>>> print(open('data-v1.txt').read())   # compact mmCIF, C-alpha atoms
# COMPACT_ATOMS: atom_id res chain seq x y z
CA MET A 1 0.00 0.00 0.00
CA THR A 2 1.35 3.42 -0.95
CA ALA A 3 1.12 6.30 1.48
CA GLN A 4 -0.94 9.23 0.23
CA PRO A 5 0.77 12.63 0.26
CA ASN A 6 -0.42 14.95 2.98
CA PRO A 7 -1.81 18.19 1.47
CA ALA A 8 -0.61 20.12 4.52
CA ASN A 9 2.97 19.18 3.61
CA GLN A 10 2.58 20.34 -0.01
CA PRO A 11 3.74 23.85 -0.85
CA SER A 12 0.99 26.23 -1.90
CA GLU A 13 0.65 27.06 -5.55
CA TYR A 14 1.07 30.78 -6.21
CA LEU A 15 0.05 32.51 -9.42
CA SER A 16 0.89 35.83 -11.00
CA ILE A 17 -1.92 38.29 -11.66
CA ALA A 18 -1.85 37.35 -15.35
CA GLU A 19 -1.98 33.61 -14.59
CA ALA A 20 -4.87 34.10 -12.14
CA ALA A 21 -6.80 36.17 -14.67
CA ALA A 22 -6.23 33.61 -17.42
CA ARG A 23 -7.32 30.71 -15.19
CA TYR A 24 -10.77 32.27 -14.61
CA HIS A 25 -11.07 34.17 -17.91
CA VAL A 26 -11.25 37.60 -16.29
CA SER A 27 -9.15 40.71 -16.80
CA ARG A 28 -5.97 41.48 -14.90
CA ASP A 29 -7.68 44.67 -13.71
CA TYR A 30 -10.46 42.57 -12.13
CA ILE A 31 -7.85 40.59 -10.17
CA ARG A 32 -6.05 43.80 -9.13
CA ASP A 33 -9.34 45.36 -8.00
CA ARG A 34 -10.14 42.30 -5.84
CA ILE A 35 -6.69 42.59 -4.24
CA ILE A 36 -7.21 46.31 -3.58
CA ASP A 37 -10.70 45.85 -2.07
CA GLY A 38 -9.39 43.04 0.16
CA SER A 39 -11.54 40.21 -1.20
CA LEU A 40 -8.47 38.45 -2.67
CA PRO A 41 -5.38 38.14 -0.46
CA ALA A 42 -2.03 38.50 -2.22
CA VAL A 43 1.63 38.55 -1.27
CA ARG A 44 4.42 40.74 -2.55
CA SER A 45 7.79 39.24 -3.36
CA GLY A 46 10.24 41.99 -4.07
CA HIS A 47 9.38 45.46 -5.33
CA LYS A 48 6.92 44.58 -8.12
CA ILE A 49 6.16 40.85 -8.00
CA ILE A 50 2.69 40.02 -6.63
CA ARG A 51 1.50 36.44 -6.19
CA ILE A 52 -1.91 35.01 -5.40
CA SER A 53 -2.53 31.69 -3.67
CA ALA A 54 -4.49 29.28 -5.89
CA ALA A 55 -6.55 28.31 -2.83
CA ASP A 56 -7.57 31.95 -2.25
CA LEU A 57 -8.49 32.25 -5.91
CA VAL A 58 -10.77 29.20 -5.65
CA ARG A 59 -12.50 30.78 -2.64
CA LEU A 60 -13.08 34.01 -4.58
CA PHE A 61 -14.69 32.18 -7.49
CA ARG A 62 -17.12 29.98 -5.59
CA PRO A 63 -19.92 28.18 -7.47
CA VAL A 64 -23.34 29.79 -7.72
CA GLN A 65 -26.48 27.81 -6.91
CA SER A 66 -28.75 27.25 -9.87
CA MET A 67 -32.04 29.11 -9.92
CA ARG A 68 -33.79 25.75 -10.15
CA SER A 69 -32.43 24.66 -6.77
CA LEU A 70 -33.30 28.06 -5.28
CA GLY A 71 -36.91 27.66 -6.43
CA SER A 72 -37.34 24.50 -4.40
CA VAL A 73 -35.90 26.21 -1.32
CA THR A 74 -38.20 29.26 -1.59
CA GLY A 75 -41.28 27.17 -2.38
CA ARG A 76 -41.53 28.35 -6.00
CA GLU A 77 -41.70 25.35 -8.26
>>> encode(input="data-v1.txt", output="C-alpha cells")
Amino acid sequence: MTAQPNPANQPSEYLSIAEAAARYHVSRDYIRDRIIDGSLPAVRSGHKIIRISAADLVRLFRPVQSMRSLGSVTGRE
C-alpha cells in the first residue's frame, strides 16, 4: 500500500496576476481590483512581484447555486 501525500505538507501554488486572470477568464484589472478591495489576499515578493494563492483564488470564485435549486428552497416550483 502506498502512502498518500499529505496536502498540509505540499507547498501552496502561487500565481501571477496574469496567470490568475487567465485561469478564470477575467481581466488582470479585475484581479487587481479584488486585491485592492481586500476580497483576494495576495503577497508581494520583491518590489513589483505580486503572487496570489491558488486556494484563495478558488474561494473568490465559488460556485453559484442554480435558480432551479433556489426555487425548491423558496417554495416556488
>>> atom_distance(input="data-v1.txt", atom1="CA of Gln65 in chain A", atom2="CA of Ile35 in chain A")
24.8 Å
>>> closest_residue(input="data-v1.txt", among="A:Ala21, A:Arg44, A:Ile49, A:Asp29", to="Phe61 in chain A", atoms="all atoms listed in the file")
A:Ala21
>>> atom_distance(input="data-v1.txt", atom1="CA of Leu40 in chain A", atom2="CA of His25 in chain A")
16.0 Å
>>> residues_around(input="data-v1.txt", residues="Arg32 in chain A", least_positions_apart="3", cutoff="12 Å", atoms="only C-alpha atoms", output="list in words")
Ser16, Ile17, Ala18, Ala20, Ala21, Val26, Ser27, Arg28, Asp29, Ile35, Ile36, Asp37, Gly38, Ser39, Leu40, Pro41, Ala42, Ile50, Arg51 and Ile52 of chain A
>>> atom_distance(input="data-v1.txt", atom1="CA of Ser66 in chain A", atom2="CA of Tyr24 in chain A")
19.3 Å
>>> residues_around(input="data-v1.txt", residues="Ser53 in chain A", least_positions_apart="6", cutoff="9 Å", atoms="only C-alpha atoms", output="PyMOL selection string")
chain A and resi 12-15+41-43
>>> axis_aligned_box(input="data-v1.txt", around="range 65-68 of chain A", padding_each_side="5 Å", output="lines of an AutoDock Vina configuration file")
center_x = -30.1
center_y = 27.4
center_z = -8.5
size_x = 17.3
size_y = 13.4
size_z = 13.2
